[in-house]
file query-v9.txt (compact mmCIF, C-alpha atoms)
# COMPACT_ATOMS: atom_id res chain seq x y z
CA MET A 29 -1.10 13.95 -4.63
CA THR A 30 1.07 15.54 -2.14
CA PRO A 31 -1.55 16.94 0.24
CA HIS A 32 -2.88 14.42 2.78
CA PHE A 33 -6.36 13.40 1.77
CA PRO A 34 -8.93 12.46 4.43
CA LEU A 35 -9.49 8.72 4.67
CA ALA A 36 -13.26 9.09 4.37
CA LEU A 37 -15.25 5.96 3.67
CA LEU A 38 -18.23 7.26 1.75
CA LEU A 39 -21.07 5.37 0.10
CA ALA A 40 -21.87 7.52 -2.92
CA THR A 41 -25.01 7.05 -4.95
CA ALA A 42 -24.23 9.09 -8.06
CA ALA A 43 -21.92 11.80 -9.33
CA ALA A 44 -21.29 13.47 -12.65
CA SER A 45 -18.05 11.53 -13.24
CA HIS A 46 -19.42 8.26 -11.91
CA PRO A 47 -21.72 5.60 -13.41
CA THR A 48 -25.41 6.41 -13.57
CA GLY A 49 -28.13 4.14 -12.28
CA ALA A 50 -26.62 3.65 -8.82
CA ALA A 51 -28.52 1.21 -6.63
CA ASN A 52 -30.11 1.95 -3.27
CA LEU A 53 -28.74 -0.41 -0.63
CA PRO A 54 -30.30 -1.30 2.71
CA PRO A 55 -28.46 0.52 5.51
CA GLU A 56 -27.24 -2.81 6.90
CA VAL A 57 -25.54 -3.65 3.59
CA SER A 58 -24.08 -0.16 3.19
CA GLU A 59 -22.59 -0.45 6.67
CA VAL A 60 -20.80 -3.78 6.07
CA LEU A 61 -19.45 -2.56 2.73
CA SER A 62 -18.10 0.59 4.37
CA ARG A 63 -16.41 -1.43 7.12
CA ALA A 64 -14.88 -3.82 4.58
CA LEU A 65 -13.45 -1.06 2.36
CA ALA A 66 -9.65 -1.32 2.57
CA VAL A 67 -8.66 1.40 0.07
CA PRO A 68 -7.56 4.66 1.80
CA GLY A 69 -9.60 7.68 0.75
CA ALA A 70 -11.97 5.58 -1.36
CA ARG A 71 -15.74 5.50 -1.69
CA ILE A 72 -18.14 2.89 -2.96
CA VAL A 73 -20.64 3.45 -5.77
CA PRO A 74 -23.31 0.70 -5.53
CA LEU A 75 -24.62 -0.38 -8.93
CA GLY A 76 -26.85 -3.35 -8.21
CA TRP A 77 -28.52 -5.16 -5.32
CA ALA A 78 -30.27 -8.54 -5.63
CA PRO A 79 -31.51 -9.87 -2.27
CA GLN A 80 -32.95 -13.35 -1.79
CA LEU A 81 -34.99 -13.46 1.39
CA PRO A 82 -38.04 -15.54 2.34
CA ALA A 83 -41.37 -13.75 2.00
CA GLY A 84 -42.05 -11.59 5.04
CA CYS A 85 -38.45 -11.73 6.28
CA VAL A 86 -37.39 -8.30 7.59
CA LEU A 87 -33.65 -7.66 7.24
CA ARG A 88 -31.91 -6.89 10.51
CA GLN A 89 -28.26 -7.75 9.91
CA ALA A 90 -25.87 -8.24 6.99
CA VAL A 91 -22.49 -10.00 7.03
CA LEU A 92 -19.75 -9.71 4.42
CA ASP A 93 -16.63 -11.89 4.57
CA GLY A 94 -13.26 -10.45 3.56
CA THR A 95 -12.28 -6.95 2.48
CA VAL A 96 -13.14 -4.71 -0.46
CA THR A 97 -10.03 -3.70 -2.44
CA GLY A 98 -11.65 -2.73 -5.73
CA SER A 99 -14.74 -2.84 -7.92
CA GLY A 100 -16.60 -6.13 -8.02
CA ARG A 101 -19.61 -8.24 -7.09
CA LEU A 102 -19.87 -9.92 -3.69
CA PRO A 103 -22.31 -12.14 -1.77
CA VAL A 104 -23.76 -10.81 1.47
CA LYS A 105 -25.30 -13.04 4.15
CA LEU A 106 -28.61 -11.65 5.38
CA TYR A 107 -30.31 -12.24 8.73
CA GLY A 108 -33.82 -11.43 9.90
CA GLN A 109 -35.84 -12.61 12.88
CA ALA A 110 -35.90 -16.42 12.58
CA CYS A 111 -35.00 -16.19 8.87
CA THR A 112 -31.89 -15.94 6.72
CA GLY A 113 -31.01 -15.31 3.09
CA TRP A 114 -28.40 -14.07 0.65
CA GLY A 115 -27.91 -11.05 -1.52
CA TRP A 116 -25.50 -10.04 -4.28
CA VAL A 117 -24.16 -6.50 -4.34
CA ARG A 118 -22.41 -5.07 -7.40
CA PHE A 119 -20.34 -1.92 -6.96
CA GLU A 120 -17.44 0.21 -8.12
CA VAL A 121 -14.70 1.64 -5.91
CA TRP A 122 -13.42 5.15 -6.65
CA ALA A 123 -10.47 6.93 -5.04
CA PRO A 124 -8.15 9.88 -5.69
CA ALA A 125 -5.27 8.84 -7.95
CA ALA A 126 -2.17 10.77 -8.99
CA PHE A 127 -1.06 10.92 -12.61
CA THR A 128 1.66 12.76 -14.51
CA THR A 129 0.68 15.86 -16.48
CA ARG A 130 3.92 15.88 -18.49
CA PRO A 131 6.88 13.55 -19.07
CA VAL A 132 9.05 13.08 -15.97
CA ARG A 133 12.69 12.02 -15.98
CA ALA A 134 14.15 9.50 -13.52
CA GLY A 135 15.33 11.31 -10.38
CA GLU A 136 13.09 14.34 -10.99
CA ARG A 137 10.73 15.56 -8.27
CA LEU A 138 7.23 14.32 -8.96
CA GLN A 139 5.19 16.98 -7.18
CA PRO A 140 5.33 19.71 -9.88
CA ALA A 141 4.28 17.21 -12.56
CA LEU A 142 1.32 15.59 -10.82
CA ALA A 143 -2.43 16.09 -10.83
CA VAL A 144 -5.11 14.24 -8.90
CA GLU A 145 -8.52 12.99 -9.94
CA ASP A 146 -10.99 10.32 -8.89
CA ARG A 147 -10.53 7.05 -10.78
CA GLU A 148 -12.10 3.63 -10.56
CA ILE A 149 -10.00 1.18 -8.55
CA LYS A 150 -9.74 -2.41 -9.73
CA SER A 151 -8.76 -5.11 -7.24
CA GLY A 152 -4.98 -5.33 -7.00
CA HIS A 153 -4.46 -1.86 -8.49
CA ALA A 154 -4.73 0.49 -5.51
CA ALA A 155 -4.39 4.22 -6.07
CA PHE A 156 -1.08 5.65 -4.90
CA VAL A 157 -0.37 9.09 -3.49
CA PRO A 158 3.37 9.88 -3.23
CA PRO A 159 4.64 11.95 -0.32
CA ALA A 160 6.04 15.44 -0.76
CA GLY A 161 9.60 15.40 -2.07
CA ALA A 162 9.27 12.00 -3.77
CA LEU A 163 11.42 11.38 -6.85
CA ALA A 164 10.64 9.41 -9.99
CA ALA A 165 12.28 5.98 -9.99
CA ARG A 166 12.38 5.95 -13.80
CA ASP A 167 11.29 7.97 -16.83
CA LEU A 168 7.50 8.36 -16.84
CA PRO A 169 5.45 9.45 -19.84
CA ARG A 170 2.63 11.94 -19.58
CA GLY A 171 -0.60 10.42 -18.24
CA THR A 172 1.06 7.70 -16.15
CA VAL A 173 -1.15 6.69 -13.21
CA LEU A 174 1.30 6.49 -10.35
CA GLN A 175 2.12 3.23 -8.60
CA ALA A 176 4.50 2.72 -5.67
CA SER A 177 7.07 1.20 -8.05
CA HIS A 178 7.26 4.50 -9.96
CA VAL A 179 8.56 6.36 -6.91
CA ALA A 180 12.14 6.29 -5.66
CA GLY A 181 12.40 6.20 -1.91
CA ALA A 182 8.66 6.65 -1.47
CA ALA A 183 8.53 4.00 1.23
CA LEU A 184 10.62 2.42 3.96
CA ALA A 185 10.37 -1.14 5.16
CA SER A 186 8.64 -1.31 8.53
CA GLY A 187 11.31 -1.54 11.25
CA GLU A 188 14.06 -0.11 9.02
CA SER A 189 16.41 2.36 10.69
CA VAL A 190 16.25 5.90 9.28
CA LYS A 191 17.77 9.28 10.10
CA VAL A 192 15.02 11.72 11.09
CA ILE A 193 15.57 15.46 10.75
CA VAL A 194 13.08 17.32 12.94
CA MET A 195 12.78 20.92 11.79
CA SER A 196 11.13 23.75 13.69
CA GLY A 197 11.77 27.14 12.09
CA PRO A 198 15.55 27.61 11.80
CA LEU A 199 16.24 24.76 14.25
CA ALA A 200 16.97 21.24 12.97
CA ILE A 201 17.63 18.22 15.16
CA GLU A 202 18.84 14.88 13.81
CA VAL A 203 17.82 11.68 15.59
CA GLN A 204 17.83 8.02 14.67
CA GLY A 205 14.33 6.63 14.18
CA ARG A 206 12.64 3.45 13.09
CA ALA A 207 10.24 3.28 10.15
CA ILE A 208 6.66 2.23 10.91
CA SER A 209 3.71 1.47 8.67
CA CYS A 210 1.13 4.27 8.49
CA GLY A 211 -0.75 3.82 5.21
CA SER A 212 -0.18 3.91 1.48
CA GLY A 213 1.70 6.98 0.25
CA ARG A 214 2.73 8.06 3.77
CA ILE A 215 6.13 7.77 5.47
CA CYS A 216 6.26 7.57 9.25
CA ALA A 217 8.77 6.74 11.95
CA VAL A 218 8.93 6.32 15.69
CA LEU A 219 11.58 8.29 17.60
CA PRO A 220 13.59 7.01 20.60
CA SER A 221 11.19 8.99 22.80
CA GLY A 222 8.31 6.88 21.46
CA ARG A 223 6.80 9.78 19.52
CA HIS A 224 5.40 8.98 16.06
CA VAL A 225 6.21 11.43 13.27
CA GLU A 226 5.35 11.75 9.58
CA GLY A 227 7.40 13.44 6.89
CA HIS A 228 8.96 12.99 3.47
CA LEU A 229 12.15 11.31 2.30
CA GLU A 230 14.97 13.38 0.92
CA GLU A 231 18.41 11.91 0.25
CA GLY A 232 17.65 8.94 2.47
CA ARG A 233 16.55 11.03 5.46
CA LEU A 234 13.05 11.58 6.78
CA LEU A 235 12.36 15.31 7.02
CA VAL A 236 9.72 16.28 9.58
CA ASP A 237 8.34 19.79 9.93
CA VAL A 238 7.14 20.72 13.42
CA PRO A 239 5.03 23.92 13.70
call {"tool": "encode", "arguments": {"input": "query-v9.txt", "output": "structure tokens"}}
result
Amino acid sequence: MTPHFPLALLLATAAASHPTGAANLPPEVSEVLSRALAVPGARIVPLGWAPQLPAGCVLRQAVLDGTVTGSGRLPVKLYGQACTGWGWVRFEVWAPAAFTTRPVRAGERLQPALAVEDREIKSGHAAFVPPAGALAARDLPRGTVLQASHVAGAALASGESVKVIVMSGPLAIEVQGRAISCGSGRICAVLPSGRHVEGHLEEGRLLVDVP
């Protein structure tokens, strides 16, 4: 998954590759689920909704504690005018995931051997999109769903010093930068000027293309 995918937080109801029988959620519940979704590029497919509100109570607000990191079932606190209740929402989380289309040897570039498709995300098993130029950390069989541990040099520790090569046409300038966190599968740094840049690692250096 070398292109940068938009970090859209979508609440899908049904799709050909997704479960059928998706549930209709109240807008208030859809909104809190969307805000709680912590998986970049993911969307939620609601499967079930079981509210428990007093008779005549009109829902005005929903509250969800914590974050959504994968498929599951969660309680939602419900508020109406002078009334409260609970509801249980059951859902799946889907996101683009990279997988190998052929065997890859350790040290080989991953990009030519990868494909991307939507897959269900279980809690604790976030989808991973390697940056351009990433190398395999070890031999990977065909069909391996990529994890960060499969990629050599796919990430830098936040605050780590790194050489940044800024390239613009035939011109290349080398500066010392500092790695910063900018999301799963992305590699970013801040330059001495304070400018934030994003690129890909190659031989321990962060290569940045500037139009």
call {"tool": "residues_near_point", "arguments": {"input": "query-v9.txt", "point": "(6.9, 13.9, 12.1)", "cutoff": "8 Å", "atoms": "all atoms listed in the file", "output": "MDAnalysis selection string"}}
result
chainID A and resid 194 216:217 224:227 235:238
call {"tool": "write_last_selection", "arguments": {"input": "query-v9.txt", "atoms": "C-alpha atoms", "output": "tab-separated table (two decimals), in the coordinates of the input"}}
result
chain	number	residue	atom	x	y	z
A	194	VAL	CA	13.08	17.32	12.94
A	216	CYS	CA	6.26	7.57	9.25
A	217	ALA	CA	8.77	6.74	11.95
A	224	HIS	CA	5.40	8.98	16.06
A	225	VAL	CA	6.21	11.43	13.27
A	226	GLU	CA	5.35	11.75	9.58
A	227	GLY	CA	7.40	13.44	6.89
A	235	LEU	CA	12.36	15.31	7.02
A	236	VAL	CA	9.72	16.28	9.58
A	237	ASP	CA	8.34	19.79	9.93
A	238	VAL	CA	7.14	20.72	13.42
call {"tool": "residues_around", "arguments": {"input": "query-v9.txt", "residues": "range 161-167 of chain A", "least_positions_apart": "6", "cutoff": "8 Å", "atoms": "all atoms listed in the file", "output": "PDB file with C-alpha atoms, in the coordinates of the input"}}
result
ATOM      1  CA  PRO A 131       6.880  13.550 -19.070  1.00  0.00           C
ATOM      2  CA  VAL A 132       9.050  13.080 -15.970  1.00  0.00           C
ATOM      3  CA  ARG A 133      12.690  12.020 -15.980  1.00  0.00           C
ATOM      4  CA  ALA A 134      14.150   9.500 -13.520  1.00  0.00           C
ATOM      5  CA  GLY A 135      15.330  11.310 -10.380  1.00  0.00           C
ATOM      6  CA  GLU A 136      13.090  14.340 -10.990  1.00  0.00           C
ATOM      7  CA  ARG A 137      10.730  15.560  -8.270  1.00  0.00           C
ATOM      8  CA  LEU A 138       7.230  14.320  -8.960  1.00  0.00           C
ATOM      9  CA  GLN A 139       5.190  16.980  -7.180  1.00  0.00           C
ATOM     10  CA  SER A 177       7.070   1.200  -8.050  1.00  0.00           C
ATOM     11  CA  HIS A 178       7.260   4.500  -9.960  1.00  0.00           C
ATOM     12  CA  VAL A 179       8.560   6.360  -6.910  1.00  0.00           C
ATOM     13  CA  ALA A 180      12.140   6.290  -5.660  1.00  0.00           C
ATOM     14  CA  GLY A 181      12.400   6.200  -1.910  1.00  0.00           C
ATOM     15  CA  ALA A 182       8.660   6.650  -1.470  1.00  0.00           C
ATOM     16  CA  HIS A 228       8.960  12.990   3.470  1.00  0.00           C
ATOM     17  CA  LEU A 229      12.150  11.310   2.300  1.00  0.00           C
ATOM     18  CA  GLU A 230      14.970  13.380   0.920  1.00  0.00           C
TER      19      GLU A 230
END
call {"tool": "atom_distance", "arguments": {"input": "query-v9.txt", "atom1": "CA of Ala51 in chain A", "atom2": "CA of Gly94 in chain A"}}
result
21.7 Å
call {"tool": "closest_residue", "arguments": {"input": "query-v9.txt", "among": "A:Ala123, A:Ile215, A:Val144, A:Ala176", "to": "Ala66 in chain A", "atoms": "only C-alpha atoms"}}
result
A:Ala123
call {"tool": "atom_distance", "arguments": {"input": "query-v9.txt", "atom1": "CA of Tyr107 in chain A", "atom2": "CA of Trp122 in chain A"}}
result
28.7 Å
call {"tool": "residues_around", "arguments": {"input": "query-v9.txt", "residues": "Leu61 in chain A", "least_positions_apart": "2", "cutoff": "10 Å", "atoms": "all atoms listed in the file", "output": "PyMOL selection string"}}
result
chain A and resi 37-39+55-59+63-66+71-72+74+90-93+95-96+102+104+117+119
call {"tool": "atom_distance", "arguments": {"input": "query-v9.txt", "atom1": "CA of Pro140 in chain A", "atom2": "CA of Gly69 in chain A"}}
result
21.9 Å
call {"tool": "residues_around", "arguments": {"input": "query-v9.txt", "residues": "Gly115 in chain A", "least_positions_apart": "3", "cutoff": "6 Å", "atoms": "all atoms listed in the file", "output": "PyMOL selection string"}}
result
chain A and resi 78-80+103-104
call {"tool": "residues_around", "arguments": {"input": "query-v9.txt", "residues": "Arg118 in chain A", "least_positions_apart": "6", "cutoff": "6 Å", "atoms": "all atoms listed in the file", "output": "VMD selection string"}}
result
chain A and resid 75 to 76 100 to 101
call {"tool": "closest_residue", "arguments": {"input": "query-v9.txt", "among": "A:Leu81, A:Val73, A:Val60, A:Leu106", "to": "Glu120 in chain A", "atoms": "all atoms listed in the file"}}
result
A:Val73
call {"tool": "closest_residue", "arguments": {"input": "query-v9.txt", "among": "A:Gly171, A:Arg214, A:Arg233, A:Val86", "to": "Phe156 in chain A", "atoms": "only C-alpha atoms"}}
result
A:Arg214
